[in-house]
$ cat upload28.tsv   # TSV, C-alpha atoms
chain	number	residue	atom	x	y	z
A	206	MET	CA	-5.00	20.39	-2.91
A	207	PHE	CA	-7.19	19.56	0.03
A	208	THR	CA	-7.40	21.29	3.37
A	209	ILE	CA	-8.24	20.14	6.88
A	210	GLN	CA	-9.58	22.38	9.61
A	211	ASN	CA	-9.35	20.01	12.59
A	212	TYR	CA	-7.59	16.75	13.30
A	213	VAL	CA	-8.97	14.25	15.79
A	214	ARG	CA	-7.54	10.93	16.87
A	215	ALA	CA	-10.71	9.11	17.79
A	216	GLN	CA	-10.47	7.42	21.17
A	217	SER	CA	-13.34	5.01	20.50
A	218	LEU	CA	-15.21	3.66	17.50
A	219	GLU	CA	-18.30	5.43	18.80
A	220	GLU	CA	-16.46	8.77	18.74
A	221	ALA	CA	-15.20	8.07	15.22
A	222	TRP	CA	-18.68	7.10	14.07
A	223	GLU	CA	-20.29	10.18	15.61
A	224	LEU	CA	-17.76	12.50	14.00
A	225	ASN	CA	-18.21	10.71	10.69
A	226	GLN	CA	-21.94	11.48	10.58
A	227	LYS	CA	-21.09	15.03	9.51
A	228	LYS	CA	-20.77	15.24	5.77
A	229	ARG	CA	-17.72	17.46	5.81
A	230	ASN	CA	-15.77	15.17	8.14
A	231	ARG	CA	-13.68	12.31	6.77
A	232	VAL	CA	-11.94	9.21	8.04
A	233	ILE	CA	-8.46	9.65	6.59
A	234	GLY	CA	-7.19	6.04	6.55
A	235	GLY	CA	-3.67	6.13	5.12
A	236	MET	CA	-4.61	9.46	3.44
A	237	LEU	CA	-2.82	8.57	0.20
A	238	TRP	CA	-5.79	8.81	-2.08
A	239	LEU	CA	-7.49	11.53	-0.07
A	240	LYS	CA	-4.39	13.71	-0.33
A	241	MET	CA	-4.73	13.66	-4.11
A	242	SER	CA	-8.27	15.00	-3.98
A	243	ARG	CA	-9.49	18.56	-3.93
A	244	GLY	CA	-11.80	20.04	-1.36
A	245	SER	CA	-11.94	20.85	2.29
A	246	VAL	CA	-12.35	18.51	5.22
A	247	GLN	CA	-13.82	19.96	8.40
A	248	THR	CA	-12.52	17.30	10.76
A	249	ALA	CA	-10.05	14.61	9.75
A	250	ILE	CA	-10.84	11.50	11.75
A	251	ASP	CA	-7.77	9.38	12.46
A	252	LEU	CA	-8.33	5.78	13.60
A	253	CYS	CA	-4.64	5.27	14.44
A	254	ASP	CA	-5.18	5.10	18.23
A	255	LEU	CA	-7.83	2.35	18.13
A	256	GLY	CA	-5.53	-0.67	17.96
A	257	LEU	CA	-6.75	-1.56	14.48
A	258	ASN	CA	-3.21	-1.98	13.15
A	259	THR	CA	-2.75	-5.71	13.77
A	260	ILE	CA	-3.43	-8.97	11.96
A	261	GLU	CA	-4.66	-11.60	14.41
A	262	GLU	CA	-4.57	-15.23	13.40
A	263	THR	CA	-6.66	-17.99	14.99
A	264	PRO	CA	-7.08	-21.58	13.75
A	265	ALA	CA	-10.27	-20.49	11.95
A	266	GLU	CA	-9.56	-17.04	10.54
A	267	PHE	CA	-7.45	-13.94	10.11
A	268	SER	CA	-8.74	-10.74	11.63
A	269	ILE	CA	-7.21	-7.79	9.81
A	270	GLY	CA	-7.67	-4.36	11.42
A	271	ALA	CA	-8.69	-1.50	9.14
A	272	MET	CA	-5.43	0.37	9.85
A	273	VAL	CA	-3.19	-2.55	8.91
A	274	THR	CA	-0.85	-1.35	6.16
A	275	LEU	CA	-0.37	-3.02	2.78
A	276	ARG	CA	3.21	-3.72	3.83
A	277	GLN	CA	1.93	-5.69	6.84
A	278	LEU	CA	-0.25	-7.77	4.49
A	279	GLU	CA	2.79	-8.37	2.30
A	280	LEU	CA	4.97	-9.58	5.16
A	281	HIS	CA	2.49	-11.58	7.26
A	282	PRO	CA	3.74	-15.20	7.25
A	283	GLY	CA	0.40	-16.81	8.16
A	284	LEU	CA	-1.65	-14.92	5.62
A	285	ASN	CA	0.84	-15.65	2.86
A	286	ARG	CA	1.17	-19.31	3.83
A	287	TYR	CA	-2.61	-19.62	3.64
A	288	SER	CA	-2.88	-17.73	0.32
A	289	GLN	CA	0.24	-19.38	-1.20
A	290	GLY	CA	1.79	-15.93	-1.49
A	291	ALA	CA	-1.15	-14.46	-3.41
A	292	VAL	CA	-1.62	-11.61	-0.90
A	293	ALA	CA	2.03	-10.54	-1.09
A	294	LYS	CA	1.96	-10.81	-4.86
A	295	ALA	CA	-1.12	-8.60	-5.01
A	296	VAL	CA	0.43	-5.71	-3.11
A	297	GLN	CA	4.13	-5.83	-3.91
A	298	ASP	CA	3.92	-3.74	-7.10
A	299	ILE	CA	1.86	-0.98	-5.49
A	300	VAL	CA	4.17	2.05	-5.83
A	301	GLY	CA	6.95	1.35	-3.31
A	302	VAL	CA	7.69	0.13	0.21
A	303	GLN	CA	7.30	3.65	1.64
A	304	PHE	CA	3.83	3.95	0.11
A	305	ARG	CA	2.81	0.50	1.33
A	306	ASN	CA	3.97	1.40	4.85
A	307	LEU	CA	1.26	4.09	4.83
A	308	ALA	CA	-1.61	2.79	2.69
A	309	THR	CA	-4.14	0.92	4.81
A	310	VAL	CA	-6.23	-2.11	3.94
A	311	GLY	CA	-9.27	-0.30	5.36
A	312	GLY	CA	-8.73	2.64	3.03
A	313	SER	CA	-8.26	0.35	0.02
A	314	VAL	CA	-11.41	-1.64	0.75
A	315	TRP	CA	-13.57	1.29	1.83
A	316	GLY	CA	-12.71	3.23	-1.32
A	317	ARG	CA	-13.85	0.33	-3.52
A	318	PHE	CA	-11.39	1.65	-6.07
A	319	GLY	CA	-11.56	0.16	-9.54
A	320	PHE	CA	-7.78	-0.22	-9.69
A	321	SER	CA	-7.53	-1.99	-6.33
A	322	ASP	CA	-5.22	-5.01	-6.23
A	323	VAL	CA	-6.18	-5.43	-2.56
A	324	LEU	CA	-9.91	-5.68	-3.22
A	325	THR	CA	-9.28	-8.15	-6.05
A	326	VAL	CA	-7.21	-10.59	-4.02
A	327	LEU	CA	-9.54	-10.43	-1.01
A	328	LEU	CA	-12.56	-11.15	-3.22
A	329	ALA	CA	-10.98	-14.46	-4.21
A	330	MET	CA	-11.06	-15.48	-0.54
A	331	ASP	CA	-13.82	-16.09	1.96
A	332	CYS	CA	-13.62	-12.52	3.21
A	333	HIS	CA	-16.05	-10.52	5.34
A	334	VAL	CA	-16.13	-6.87	6.31
A	335	GLU	CA	-16.97	-5.71	9.83
A	336	LEU	CA	-18.70	-2.34	10.01
A	337	TYR	CA	-19.19	-0.57	13.34
A	338	LYS	CA	-22.94	-0.14	12.93
A	339	GLY	CA	-23.63	-2.39	9.93
A	340	GLY	CA	-22.15	-5.55	11.44
A	341	ILE	CA	-20.44	-8.29	9.47
A	342	LEU	CA	-21.23	-8.83	5.80
A	343	PRO	CA	-19.54	-10.59	2.87
A	344	LEU	CA	-16.94	-8.46	1.09
A	345	GLU	CA	-18.64	-9.15	-2.23
A	346	GLU	CA	-21.87	-7.59	-0.97
A	347	PHE	CA	-19.97	-4.67	0.57
A	348	THR	CA	-18.19	-4.04	-2.73
A	349	LYS	CA	-21.48	-3.51	-4.51
A	350	ARG	CA	-22.75	-0.99	-1.95
A	351	LYS	CA	-22.28	2.74	-2.15
A	352	PRO	CA	-20.10	4.31	0.59
A	353	ASP	CA	-22.19	5.47	3.56
A	354	ARG	CA	-21.21	7.04	6.92
A	355	ASP	CA	-20.34	3.82	8.76
A	356	ILE	CA	-16.85	2.91	10.01
A	357	LEU	CA	-14.94	-0.06	8.62
A	358	VAL	CA	-13.44	-1.83	11.65
A	359	ARG	CA	-11.74	-4.90	10.24
A	360	LEU	CA	-11.71	-7.63	7.62
A	361	ILE	CA	-12.17	-11.28	8.42
A	362	VAL	CA	-10.60	-13.89	6.15
A	363	LYS	CA	-11.86	-17.40	6.92
A	364	LYS	CA	-9.26	-20.11	6.57
A	365	VAL	CA	-11.30	-22.24	4.20
A	366	PRO	CA	-8.73	-24.57	2.63
A	367	GLY	CA	-8.13	-23.49	-0.93
A	368	ARG	CA	-5.66	-22.61	-3.65
A	369	PHE	CA	-5.04	-19.03	-4.67
A	370	CYS	CA	-3.21	-17.30	-7.48
A	371	TYR	CA	-2.89	-13.56	-8.09
A	372	GLN	CA	-1.83	-11.87	-11.30
A	373	ALA	CA	-2.02	-8.36	-12.64
A	374	MET	CA	-1.03	-6.79	-15.92
A	375	ARG	CA	0.88	-3.55	-15.61
A	376	ILE	CA	2.38	-1.49	-18.40
A	377	GLN	CA	5.17	-0.71	-16.01
A	378	ARG	CA	5.94	-2.08	-12.56
A	379	THR	CA	4.59	0.18	-9.76
A	380	ASP	CA	2.02	1.75	-12.11
A	381	PHE	CA	-1.75	1.25	-11.83
A	382	PRO	CA	-2.79	-2.14	-13.22
A	383	VAL	CA	-4.44	-2.58	-16.63
A	384	ILE	CA	-6.26	-5.60	-15.24
A	385	THR	CA	-6.14	-7.51	-11.95
A	386	CYS	CA	-7.09	-11.16	-11.68
A	387	ALA	CA	-7.24	-13.43	-8.64
A	388	VAL	CA	-8.21	-17.05	-9.19
A	389	SER	CA	-9.07	-19.48	-6.42
A	390	THR	CA	-10.57	-22.86	-5.84
A	391	ARG	CA	-12.27	-23.81	-2.59
A	392	SER	CA	-14.30	-26.97	-1.94
A	393	GLY	CA	-14.70	-27.74	-5.64
A	394	GLU	CA	-15.79	-24.21	-6.53
A	395	TYR	CA	-13.77	-22.03	-8.88
A	396	ARG	CA	-13.73	-18.31	-8.46
A	397	ALA	CA	-12.18	-15.46	-10.42
A	398	ALA	CA	-12.08	-11.92	-9.07
A	399	VAL	CA	-11.33	-9.37	-11.78
A	400	GLY	CA	-10.58	-5.69	-11.17
A	401	ALA	CA	-9.26	-2.62	-13.00
A	402	ARG	CA	-11.76	-3.50	-15.73
A	403	PRO	CA	-11.41	-0.45	-15.17
A	404	GLY	CA	-14.44	-0.67	-12.87
A	405	ARG	CA	-14.28	-2.10	-9.37
A	406	ALA	CA	-13.50	-5.78	-8.94
A	407	MET	CA	-16.23	-8.37	-9.40
A	408	VAL	CA	-16.48	-12.12	-8.93
A	409	ILE	CA	-17.38	-14.90	-11.36
A	410	GLN	CA	-17.91	-18.41	-10.06
A	411	GLY	CA	-17.76	-21.79	-11.77
A	412	THR	CA	-17.80	-25.47	-10.97
A	413	SER	CA	-15.14	-26.72	-13.37
A	414	PRO	CA	-11.85	-25.37	-14.75
A	415	GLN	CA	-12.93	-26.45	-18.23
A	416	GLY	CA	-14.13	-23.45	-20.19
A	417	PHE	CA	-13.95	-21.27	-17.06
A	418	ALA	CA	-11.46	-18.73	-18.45
A	419	ALA	CA	-13.60	-18.10	-21.53
A	420	ALA	CA	-16.73	-17.82	-19.39
A	421	VAL	CA	-15.06	-15.26	-17.09
A	422	ALA	CA	-13.88	-13.21	-20.08
A	423	GLU	CA	-17.37	-13.30	-21.50
A	424	GLN	CA	-19.17	-12.33	-18.30
A	425	VAL	CA	-16.90	-9.56	-16.99
A	426	PRO	CA	-17.79	-6.17	-18.49
A	427	THR	CA	-14.75	-4.15	-19.52
A	428	GLY	CA	-14.19	-0.57	-20.57
A	429	SER	CA	-11.51	1.47	-22.29
A	430	ASN	CA	-9.28	4.12	-20.79
A	431	ILE	CA	-5.76	5.50	-21.13
A	432	ARG	CA	-4.23	2.16	-20.07
A	433	GLY	CA	-6.02	-0.14	-22.47
A	434	SER	CA	-9.07	-0.87	-24.56
A	435	ALA	CA	-12.05	-2.97	-23.52
A	436	ALA	CA	-11.11	-5.64	-26.08
A	437	TYR	CA	-7.54	-5.81	-24.79
A	438	ARG	CA	-8.81	-6.17	-21.22
A	439	THR	CA	-11.22	-8.94	-22.18
A	440	HIS	CA	-8.34	-10.74	-23.88
A	441	LEU	CA	-6.16	-10.33	-20.78
A	442	ILE	CA	-8.94	-11.65	-18.53
A	443	ARG	CA	-9.15	-14.90	-20.48
A	444	VAL	CA	-5.37	-15.36	-20.55
A	445	LEU	CA	-4.76	-14.48	-16.90
A	446	THR	CA	-7.68	-16.58	-15.67
A	447	GLN	CA	-6.35	-19.59	-17.60
A	448	ARG	CA	-2.82	-19.01	-16.28
A	449	GLY	CA	-4.27	-18.77	-12.78
A	450	LEU	CA	-6.11	-22.05	-13.21
A	451	ASP	CA	-2.94	-23.68	-14.57
A	452	GLU	CA	-0.95	-22.38	-11.60
A	453	ILE	CA	-3.55	-23.67	-9.15
A	454	GLY	CA	-3.59	-27.02	-10.98
A	455	ARG	CA	0.17	-27.34	-10.47
A	456	MET	CA	-0.25	-26.78	-6.70
A	457	ASP	CA	-2.34	-29.94	-6.31
B	109	MET	CA	-2.76	22.38	17.38
B	110	GLU	CA	0.18	21.37	19.57
B	111	ILE	CA	2.33	18.41	18.64
B	112	GLN	CA	5.36	16.80	20.19
B	113	LEU	CA	7.57	14.26	18.50
B	114	ASN	CA	11.03	12.82	18.59
B	115	LEU	CA	13.00	14.20	15.66
B	116	ASN	CA	16.45	12.71	15.04
B	117	GLY	CA	16.70	11.83	18.71
B	118	ARG	CA	15.57	15.17	20.06
B	119	LEU	CA	12.15	15.95	21.48
B	120	VAL	CA	10.55	18.83	19.60
B	121	SER	CA	7.19	20.50	20.04
B	122	ASP	CA	5.43	22.95	17.82
B	123	HIS	CA	2.15	24.62	17.08
B	124	ILE	CA	0.91	23.48	13.66
B	125	ASP	CA	-2.06	23.65	11.32
B	126	ALA	CA	-4.14	20.46	11.20
B	127	ASP	CA	-3.34	19.87	7.54
B	128	LEU	CA	0.41	20.46	7.72
B	129	LEU	CA	2.20	17.59	6.00
B	130	LEU	CA	5.18	16.03	7.69
B	131	ILE	CA	7.48	17.04	4.79
B	132	ASP	CA	6.59	20.71	5.25
B	133	PHE	CA	7.01	20.46	9.02
B	134	LEU	CA	10.49	18.98	8.52
B	135	ARG	CA	11.55	21.51	5.89
B	136	SER	CA	10.29	24.41	8.01
B	137	ARG	CA	12.69	23.23	10.69
B	138	GLY	CA	15.62	23.18	8.24
B	139	TYR	CA	15.70	19.51	7.32
B	140	TYR	CA	16.27	20.16	3.63
B	141	SER	CA	17.32	16.59	2.77
B	142	VAL	CA	13.58	15.90	2.65
B	143	LYS	CA	12.44	16.88	-0.83
B	144	ARG	CA	9.23	16.99	-2.80
B	145	GLY	CA	9.61	15.59	-6.29
B	146	CYS	CA	6.19	14.58	-7.49
B	147	GLU	CA	3.06	15.61	-5.52
B	148	THR	CA	1.56	12.17	-6.30
B	149	SER	CA	3.09	9.95	-3.59
B	150	ASN	CA	5.25	8.22	-6.20
B	151	CYS	CA	8.82	9.45	-6.26
B	152	GLY	CA	10.23	8.54	-2.83
B	153	LEU	CA	12.27	11.74	-2.54
B	154	CYS	CA	10.56	12.65	0.72
B	155	THR	CA	11.37	9.33	2.44
B	156	VAL	CA	11.92	9.52	6.20
B	157	LEU	CA	11.80	6.83	8.87
B	158	LEU	CA	8.72	6.85	11.10
B	159	ASP	CA	9.36	4.56	14.06
B	160	GLY	CA	12.10	3.00	11.96
B	161	LYS	CA	9.96	2.33	8.90
B	162	PRO	CA	10.44	4.18	5.61
B	163	ILE	CA	7.44	6.31	4.69
B	164	LEU	CA	6.54	9.16	2.33
B	165	SER	CA	6.60	12.29	4.47
B	166	CYS	CA	4.64	14.11	1.73
B	167	SER	CA	1.64	11.87	2.42
B	168	VAL	CA	1.43	11.90	6.21
B	169	LEU	CA	0.07	14.60	8.43
B	170	ALA	CA	2.56	16.01	10.90
B	171	ALA	CA	-0.27	15.51	13.40
B	172	ARG	CA	-0.16	11.75	12.89
B	173	ALA	CA	3.59	11.71	13.54
B	174	ALA	CA	2.97	13.27	16.98
B	175	GLY	CA	4.20	10.98	19.72
B	176	HIS	CA	6.39	9.04	17.31
B	177	HIS	CA	10.05	8.91	16.26
B	178	VAL	CA	10.98	10.57	12.97
B	179	GLN	CA	14.43	10.28	11.42
B	180	THR	CA	15.75	12.17	8.41
B	181	LEU	CA	19.06	11.79	6.58
B	182	GLU	CA	20.47	14.58	8.76
B	183	GLY	CA	20.14	12.21	11.72
B	184	LEU	CA	21.53	9.14	9.98
B	185	GLN	CA	24.78	10.48	8.56
B	186	GLU	CA	26.94	7.76	10.06
B	187	GLU	CA	24.82	4.90	8.75
B	188	ALA	CA	24.66	6.51	5.30
B	189	ARG	CA	28.40	7.10	5.15
B	190	GLU	CA	29.02	3.34	5.12
B	191	PHE	CA	27.66	2.90	1.60
B	192	VAL	CA	27.15	6.23	-0.21
B	193	GLY	CA	30.77	6.31	-1.38
B	194	PHE	CA	30.22	3.06	-3.24
B	195	ILE	CA	27.29	4.61	-5.12
B	196	ALA	CA	29.27	7.78	-5.87
B	197	ASP	CA	32.16	5.64	-7.21
B	198	GLN	CA	29.80	4.39	-9.91
B	199	GLY	CA	28.96	7.93	-10.97
B	200	ALA	CA	25.37	7.14	-10.12
B	201	ASP	CA	24.71	10.56	-8.58
B	202	GLN	CA	24.14	13.01	-11.37
B	203	CYS	CA	21.83	15.85	-10.41
B	204	GLY	CA	21.64	14.35	-6.91
B	205	PHE	CA	18.07	15.44	-6.21
B	206	CYS	CA	16.78	11.91	-5.61
B	207	ASN	CA	19.80	10.95	-3.55
B	208	PRO	CA	18.59	11.63	0.04
B	209	GLY	CA	15.37	9.65	-0.44
B	210	PHE	CA	17.30	6.89	-2.14
B	211	VAL	CA	19.82	6.73	0.70
B	212	MET	CA	17.05	6.71	3.32
B	213	ASN	CA	15.29	3.79	1.68
B	214	THR	CA	18.57	1.93	1.23
B	215	ILE	CA	19.19	2.31	4.97
B	216	ALA	CA	15.74	0.81	5.59
B	217	LEU	CA	16.44	-2.02	3.12
B	218	LEU	CA	19.77	-2.94	4.71
B	219	ARG	CA	18.28	-2.88	8.21
B	220	GLU	CA	15.49	-5.21	7.14
B	221	ASN	CA	17.56	-7.39	4.87
B	222	PRO	CA	21.34	-7.06	5.41
B	223	ASP	CA	22.25	-9.30	2.45
B	224	PRO	CA	19.69	-8.72	-0.31
B	225	THR	CA	19.80	-10.22	-3.80
B	226	ASP	CA	19.77	-7.86	-6.80
B	227	ASP	CA	16.07	-8.58	-7.29
B	228	GLU	CA	15.34	-7.83	-3.64
B	229	ILE	CA	17.21	-4.52	-3.97
B	230	ARG	CA	15.22	-3.61	-7.10
B	231	GLN	CA	11.96	-4.61	-5.41
B	232	TYR	CA	12.66	-2.58	-2.28
B	233	LEU	CA	13.89	0.52	-4.11
B	234	ALA	CA	11.19	0.47	-6.82
B	235	GLY	CA	9.48	3.42	-5.13
B	236	ASN	CA	12.52	5.69	-5.52
B	237	LEU	CA	12.51	7.42	-8.87
B	238	CYS	CA	15.65	8.81	-10.50
B	239	ARG	CA	15.33	10.65	-13.79
B	240	CYS	CA	19.05	10.94	-14.58
B	241	SER	CA	20.23	7.38	-14.33
B	242	GLY	CA	18.93	3.96	-15.33
B	243	TYR	CA	19.37	2.73	-11.73
B	244	ASP	CA	22.19	0.39	-12.78
B	245	GLY	CA	24.87	2.56	-11.20
B	246	GLN	CA	23.06	2.62	-7.88
B	247	LEU	CA	22.59	-1.15	-8.03
B	248	ARG	CA	26.28	-1.72	-8.79
B	249	GLY	CA	27.22	0.61	-5.93
B	250	ILE	CA	25.07	-1.24	-3.41
B	251	ARG	CA	26.35	-4.58	-4.75
B	252	ASN	CA	29.97	-3.44	-4.33
B	253	PHE	CA	29.20	-2.27	-0.80
B	254	LEU	CA	27.64	-5.64	0.07
B	255	ASN	CA	30.58	-7.51	-1.46
B	256	SER	CA	33.04	-5.35	0.49
B	257	ARG	CA	31.49	-6.59	3.73
B	258	LYS	CA	31.93	-10.26	2.90

$ encode --input "upload28.tsv" --output "C-alpha cells"
Amino acid sequence: MFTIQNYVRAQSLEEAWELNQKKRNRVIGGMLWLKMSRGSVQTAIDLCDLGLNTIEETPAEFSIGAMVTLRQLELHPGLNRYSQGAVAKAVQDIVGVQFRNLATVGGSVWGRFGFSDVLTVLLAMDCHVELYKGGILPLEEFTKRKPDRDILVRLIVKKVPGRFCYQAMRIQRTDFPVITCAVSTRSGEYRAAVGARPGRAMVIQGTSPQGFAAAVAEQVPTGSNIRGSAAYRTHLIRVLTQRGLDEIGRMD
Amino acid sequence: MEIQLNLNGRLVSDHIDADLLLIDFLRSRGYYSVKRGCETSNCGLCTVLLDGKPILSCSVLAARAAGHHVQTLEGLQEEAREFVGFIADQGADQCGFCNPGFVMNTIALLRENPDPTDDEIRQYLAGNLCRCSGYDGQLRGIRNFLNSRK
C-alpha cells in the first residue's frame, strides 16, 4: 500500500521539475507500477495536463509524448507501418486493454524495468529520450543510467529505414515475459535488443546475420528467477534472435 | 481536495483524499458493479469507461478523473442488455463476480470493433479474468449475439 499526501497537476514542465527535486515527491506516470509499491509520497506529480499524450509524426521522425499510453502505441498506424507491426506486437500481451489504456510509455521507459517489452522494442530502433533538463540522448545511454530527478518529456523515434521483428516468450499470455527479443536491421547493421534477462534490456550489434544469433546468446548475460533459469533464457535468446533474423529476411 | 467529474451523465463533486482510488470513490457513492478482485491491476473486475475508454478504476486516482467522464455499468444498462442474455444462455455466468467488468469491456470492444473475429474477442478480453469458467461460454455468447445481428 502506498499513500499520497498531495496531488498536483503540473501546469508546466518547470513546475513538474521543481516539485520533483524533493525526494519524497514522485511523478506518477500511469501509476500502475507505483501503486504496487509501499511507502508514502508527499506530492504526486501528474503530467496529464501538459499535452504529452500525443504521437506526432513528421517525414523524419515520431515524437512520442511521455504520457502516451501503451494502447496508443499499439494502435498508431504510422508507427506500426514503420515498425512492420513490431511496436503493436511488443505491447499487445501486456495484461489487458484496460491496463494498456493507463500505462504510459514515459513510465515504462523511465522505470527501466527489466521485464519491459516497451524498452526492448524501442531499443531496436533509432530512439532518443528527451529530458527536461538533460536534453536529448540516445535511449541506449539513458537505459544504462540510474534514475535521477529529471523529467522525461518525450521519446523520438527516427524513421531510419529498417526491418523490425519483436518476439517474447511468455509462460502464459498477459503474464510477465521470460525473455523479450527485438531484432532489427538498419543500413546493413544488425541489432538485437534483449530484455527480461531478467535484467533490463540491452543491445548487441552485428554486421552479418551469419552467426549473429549465437553471438547474441553468448554476449547477453542472463539470470535465473521464478520464470526460468539462466540456461533456458540463453537458449531462448539464440532461438528468438534467429527467428527474428529469419522473419526480417522474409520481409526483403 | 475538491474534485468534479461527470459520472454516468451527471455532474458530481466531492471532497476527497489525494490518494483515493477511483474504484473506492465509485463504491463510496454506491456504484457496487465496480469490484476489486486482485489488487495487482490484473483482473479487470474494476473496469469503467474513462472518456469512453475502458480502464482499471483500481489503478487510477480519483483526482486524475476530475474533469472527465466516467461511466460504470449502472449507467450503461441499455447497451449491456443487448448482449448479456446471450452470455447467460450459455451458462457462462457462474459466481457472477467477474461479470460487470467483463460486460464493461465487451461494451468497449463492440464500440471499437462492431464485428470482431474470435481471436479479436479473445485479445480484447484477455485482461478480464474469470475463475469459474474457461471463457468458452462467454465467447460463444458473444458470437451468438454477433450472429443474431447479421

$ interface_residues --input "upload28.tsv" --of "chain A" --to "chain B" --cutoff "7 Å" --atoms "only C-alpha atoms" --output "PyMOL selection string"
chain A and resi 208-212+236-237+240-241+300-304+306-307

$ residues_around --input "upload28.tsv" --residues "Leu252 of chain A" --least-positions-apart "6" --cutoff "12 Å" --atoms "all atoms listed in the file" --output "ChimeraX atom specification"
/A:212-222,224-225,231-236,258,270-273,309,311-312,356-359 /B:172

$ write_last_selection --input "upload28.tsv" --atoms "C-alpha atoms" --output "PDB file, in the frame of the given file"
ATOM      1  CA  TYR A 212      -7.590  16.750  13.300  1.00  0.00           C
ATOM      2  CA  VAL A 213      -8.970  14.250  15.790  1.00  0.00           C
ATOM      3  CA  ARG A 214      -7.540  10.930  16.870  1.00  0.00           C
ATOM      4  CA  ALA A 215     -10.710   9.110  17.790  1.00  0.00           C
ATOM      5  CA  GLN A 216     -10.470   7.420  21.170  1.00  0.00           C
ATOM      6  CA  SER A 217     -13.340   5.010  20.500  1.00  0.00           C
ATOM      7  CA  LEU A 218     -15.210   3.660  17.500  1.00  0.00           C
ATOM      8  CA  GLU A 219     -18.300   5.430  18.800  1.00  0.00           C
ATOM      9  CA  GLU A 220     -16.460   8.770  18.740  1.00  0.00           C
ATOM     10  CA  ALA A 221     -15.200   8.070  15.220  1.00  0.00           C
ATOM     11  CA  TRP A 222     -18.680   7.100  14.070  1.00  0.00           C
ATOM     12  CA  LEU A 224     -17.760  12.500  14.000  1.00  0.00           C
ATOM     13  CA  ASN A 225     -18.210  10.710  10.690  1.00  0.00           C
ATOM     14  CA  ARG A 231     -13.680  12.310   6.770  1.00  0.00           C
ATOM     15  CA  VAL A 232     -11.940   9.210   8.040  1.00  0.00           C
ATOM     16  CA  ILE A 233      -8.460   9.650   6.590  1.00  0.00           C
ATOM     17  CA  GLY A 234      -7.190   6.040   6.550  1.00  0.00           C
ATOM     18  CA  GLY A 235      -3.670   6.130   5.120  1.00  0.00           C
ATOM     19  CA  MET A 236      -4.610   9.460   3.440  1.00  0.00           C
ATOM     20  CA  ASN A 258      -3.210  -1.980  13.150  1.00  0.00           C
ATOM     21  CA  GLY A 270      -7.670  -4.360  11.420  1.00  0.00           C
ATOM     22  CA  ALA A 271      -8.690  -1.500   9.140  1.00  0.00           C
ATOM     23  CA  MET A 272      -5.430   0.370   9.850  1.00  0.00           C
ATOM     24  CA  VAL A 273      -3.190  -2.550   8.910  1.00  0.00           C
ATOM     25  CA  THR A 309      -4.140   0.920   4.810  1.00  0.00           C
ATOM     26  CA  GLY A 311      -9.270  -0.300   5.360  1.00  0.00           C
ATOM     27  CA  GLY A 312      -8.730   2.640   3.030  1.00  0.00           C
ATOM     28  CA  ILE A 356     -16.850   2.910  10.010  1.00  0.00           C
ATOM     29  CA  LEU A 357     -14.940  -0.060   8.620  1.00  0.00           C
ATOM     30  CA  VAL A 358     -13.440  -1.830  11.650  1.00  0.00           C
ATOM     31  CA  ARG A 359     -11.740  -4.900  10.240  1.00  0.00           C
TER      32      ARG A 359
ATOM     33  CA  ARG B 172      -0.160  11.750  12.890  1.00  0.00           C
TER      34      ARG B 172
END

$ residues_around --input "upload28.tsv" --residues "Tyr395 of chain A" --least-positions-apart "5" --cutoff "9 Å" --atoms "all atoms listed in the file" --output "list in words"
Val388, Ser389, Thr390, Ile409, Gln410, Gly411, Thr412, Ser413, Pro414, Phe417 and Leu450 of chain A

$ atom_distance --input "upload28.tsv" --atom1 "atom CA of Ile431 of chain A" --atom2 "atom CA of Val399 of chain A"
18.4 Å

$ residues_near_point --input "upload28.tsv" --point "(19.1, 16.8, 13.3)" --cutoff "6 Å" --atoms "only C-alpha atoms" --output "list of chain:residue names"
B:Asn116, B:Glu182, B:Gly183

$ atom_distance --input "upload28.tsv" --atom1 "atom CA of Cys238 of chain B" --atom2 "atom CA of Phe318 of chain A"
28.3 Å

$ axis_aligned_box --input "upload28.tsv" --around "segment 143-155 of chain B" --padding-each-side "4 Å" --output "JSON"
{"center_x": 7.0, "center_y": 12.6, "center_z": -2.5, "size_x": 18.9, "size_y": 16.8, "size_z": 17.9}

$ atom_distance --input "upload28.tsv" --atom1 "atom CA of Val383 of chain A" --atom2 "atom CA of Gly433 of chain A"
6.5 Å

$ closest_residue --input "upload28.tsv" --among "B:Arg248, B:His123, B:Arg118, B:Arg135" --to "Gly193 of chain B" --atoms "all atoms listed in the file"
B:Arg248

$ residues_around --input "upload28.tsv" --residues "Ile361 of chain A" --least-positions-apart "2" --cutoff "9 Å" --atoms "only C-alpha atoms" --output "ChimeraX atom specification"
/A:266-270,331-335,341,359,363

$ closest_residue --input "upload28.tsv" --among "A:Val292, A:Val421, A:Ser242, A:Leu360" --to "Ile260 of chain A" --atoms "all atoms listed in the file"
A:Leu360

$ residues_around --input "upload28.tsv" --residues "Ser256 of chain B" --least-positions-apart "2" --cutoff "12 Å" --atoms "all atoms listed in the file" --output "tab-separated table (two decimals) with C-alpha atoms, keeping the file's coordinate frame"
chain	number	residue	atom	x	y	z
B	190	GLU	CA	29.02	3.34	5.12
B	191	PHE	CA	27.66	2.90	1.60
B	194	PHE	CA	30.22	3.06	-3.24
B	223	ASP	CA	22.25	-9.30	2.45
B	249	GLY	CA	27.22	0.61	-5.93
B	250	ILE	CA	25.07	-1.24	-3.41
B	251	ARG	CA	26.35	-4.58	-4.75
B	252	ASN	CA	29.97	-3.44	-4.33
B	253	PHE	CA	29.20	-2.27	-0.80
B	254	LEU	CA	27.64	-5.64	0.07
B	258	LYS	CA	31.93	-10.26	2.90

$ closest_residue --input "upload28.tsv" --among "A:Trp315, A:Arg396, A:Arg448, A:Ala373" --to "Trp238 of chain A" --atoms "only C-alpha atoms"
A:Trp315

$ residues_around --input "upload28.tsv" --residues "Ala188 of chain B" --least-positions-apart "4" --cutoff "7 Å" --atoms "all atoms listed in the file" --output "CSV table (one decimal) with C-alpha atoms, in the frame of the given file"
chain,number,residue,atom,x,y,z
B,184,LEU,CA,21.5,9.1,10.0
B,192,VAL,CA,27.2,6.2,-0.2
B,211,VAL,CA,19.8,6.7,0.7
B,215,ILE,CA,19.2,2.3,5.0
